[in-house]
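Presented below is the structure to which this report refers.
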Amino acid sequence: MSTNLAKYEKVMNYIKKAISSGEWPIGSKIPSQRKLAELLSVNRSTIVTALEELKIEGLIEGVMGKGTMVVNNTWTLLAASPPSWDESAPFSAPKPLPAPVLETDGVKAPEHFIELSKGELAQDIFPTDNMQQVMMRLAQSLEPFGYEEPKGYLPLRKAISDYMRKQGTDITPASILIVSGAIQGLQLISAGLLHKGSTVFLEKPSYLYSLHTFQSAGMNLSGLPMDEEGLRADALLKKAMAGPASVLYTIPCFHNPTGILMSEARRKELLDVCAEKRLPVIEDDIYRELWIDSPPPPTLQSLDVNGHVLYIGSFSKTLTPGLRIGWIAGSEQVIERLAEIKKQTDYGSSSLSQLVAAEWISSGLYEQHLSFVRKELKKRRTAALHALDEHMSDLAEWDIPAGGFLIWLRMKEGIQLKDIYSKAYRAGLSLNVGSIYTGESVQAIRLSYGYASIEEFEQGIRKLRQIILEDN
Ligand SMILES: Cc1ncc(COP(=O)(O)O)c(C=O)c1O
């Protein structure tokens, strides 16, 4: 019995892989039971059991007179029934920025400004010498360049595919779309795959609350609680309804704004819930390489066997946001759909930036640079935690981030943060108030130790203490 069980599960996985890779796209007829039995060297009865299970999961369906057809693999399903352009309104006017960003209108920033809000690496971490070398090398062998193919510069897609394979995700260059930063990836997904009125489940707080990309396109955000292992799978299970009307957006590595790293067990739990609810997942993994203590658990995409995960990567947080290069990896059919929208949007990301990014990865300089960045972040994290221990322990609580450069400062009960953004701004300190990441009032501040120098961070925290104490 148990061997039979293992066999039918193997058959199921084989079929799921064929569907999730786009090899058996939606609407295609799957091979006959006899052919599958021959191909996989199993009995017909094993095939029958596997097909029954897949029918229950909603992936295939018997169609009168046609045979057994592929009917669903979440993203593929969404790509096969995209919203119309007037429905998705990808360029509709964005909602206004959250109020705290506007409060400084007309107020001139002091000359010496401490940036604890910037979500990027410090200028002295920028690899100027190597960037010059890379660009010079490219300049010397420069050939005419024009529009790239819609999915992006092939050598870059190959380099990213090799890179992801090392991380455990088997993805071909055909299943990768180069985008102008992760943010464009999110815009393309919202414009090209999701329907108005659908629900985006996500961590609360989340970077996505600060964007309005999904809300402007008519989607509802449904925030879920987190604990120290990441988004709570039990909360998702309770709230999510099955079907293509909703999607999960998550930042599993060094989450923005909390810095939390999702554990491997939680990743599996979440994927189980998503499989049960047939919920497609957007894995925004742009902080993955910024680990400080040890490499993070495998990507959700590599752990998933159902093709439920669209993966987003970027060079913004590791190399420079100025390149404006990121990527989306997923099943080929879905990537084709997104590439089509990208083509209609901007006809491809800058060829020059793509050449530069490809050279960084394939020369090995990228990995070298990452080691340097991790060491720098470690120093900065130690100093940042020290400054917080010294000046904030009676006022706030925080967790030690295992990577990235963000700290979510939660004020202790009774501590007021009224007008903290503008008060800090006037005092020459920039910070992001928590409400940007929740869409509602919250007694928290997001701090970044990635941009300001170690000394500035300490000064900034001292200033912050003074400002808070004036009101408390
Ligand atoms: C979680 C997350 N996703 C996406 C982005 C945007 O990245 P990019 O510069 O690649 O567009 C950011 C930037 O802060 C981010 O924090």
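Ordering of the structure tokens sets the chain letters (A, B, ...); residue numbers start at 1 within each chain; ligands are numbered from 1 in the order shown.
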Close residues, segment 440-454 of chain A itself excluded, 10 Å, only C-alpha atoms, min 6 positions apart in chain, as a PyMOL selection string: chain A and resi 98+113-125+205+209+256-259+317+373+376-377+379-385+387+396-398+404-418+420-421+430-434+460-461
Protein and nucleic residues near ligand 1, 6 Å, only C-alpha atoms and all ligand atoms, as a ChimeraX atom specification: /A:119,181-183,207,251,256,284,314,316,321,326
With C-alpha atoms retained, export the selected residues as an mmCIF file, in the first residue's frame.
```cif
data_model
loop_
_atom_site.group_PDB
_atom_site.id
_atom_site.type_symbol
_atom_site.label_atom_id
_atom_site.label_comp_id
_atom_site.auth_asym_id
_atom_site.auth_seq_id
_atom_site.Cartn_x
_atom_site.Cartn_y
_atom_site.Cartn_z
ATOM 1 C CA GLY A 119 16.024 51.948 2.139
ATOM 2 C CA GLY A 181 13.235 47.239 -10.494
ATOM 3 C CA ALA A 182 11.036 45.032 -8.338
ATOM 4 C CA ILE A 183 8.521 47.830 -8.215
ATOM 5 C CA TYR A 207 6.154 47.675 2.256
ATOM 6 C CA ILE A 251 8.561 39.378 1.811
ATOM 7 C CA ASN A 256 10.348 45.441 5.058
ATOM 8 C CA ASP A 284 9.295 39.523 -3.007
ATOM 9 C CA SER A 314 16.362 42.923 -7.694
ATOM 10 C CA SER A 316 18.546 47.530 -5.826
ATOM 11 C CA PRO A 321 18.873 50.952 -7.054
ATOM 12 C CA GLY A 326 15.114 43.434 -11.178
#
```
Residues of segment 252-463 of chain A in helix (DSSP H, G or I), written as number ranges by chain: A: 264-277, 288-290, 300-303, 321-323, 332-346, 351-362, 365-392, 420-426, 434-437, 454-463
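The space separating atom CA of Thr199 of chain A from atom CA of Leu211 of chain A comes to 15.6 Å.
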Backbone-only DSSP, strand (DSSP E or B) members of segment 64-286 of chain A, as a VMD selection string: chain A and resid 67 to 70 114 to 115 176 to 179 199 to 203 220 to 224 226 to 227 230 to 231 246 to 250 281 to 284
Neighbour list for Ala233 of chain A as a PyMOL selection string, cut-off 9 Å, only C-alpha atoms, skip fewer than 2 positions in-chain: chain A and resi 226+230-231+235-238+266-267+269-273
Residue nearest Glu289 of chain A among A:Leu469, A:Val356, A:Leu370, A:Ile178 (counting only C-alpha atoms):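 Selected residue with least distance to Glu289 of chain A: A:Leu370.
In terms of minimum interatomic distance to Ile60 of chain A, A:Met12 ranks closest within A:Met12, A:Ile467, A:Ala265, A:Val179, counting only C-alpha atoms.
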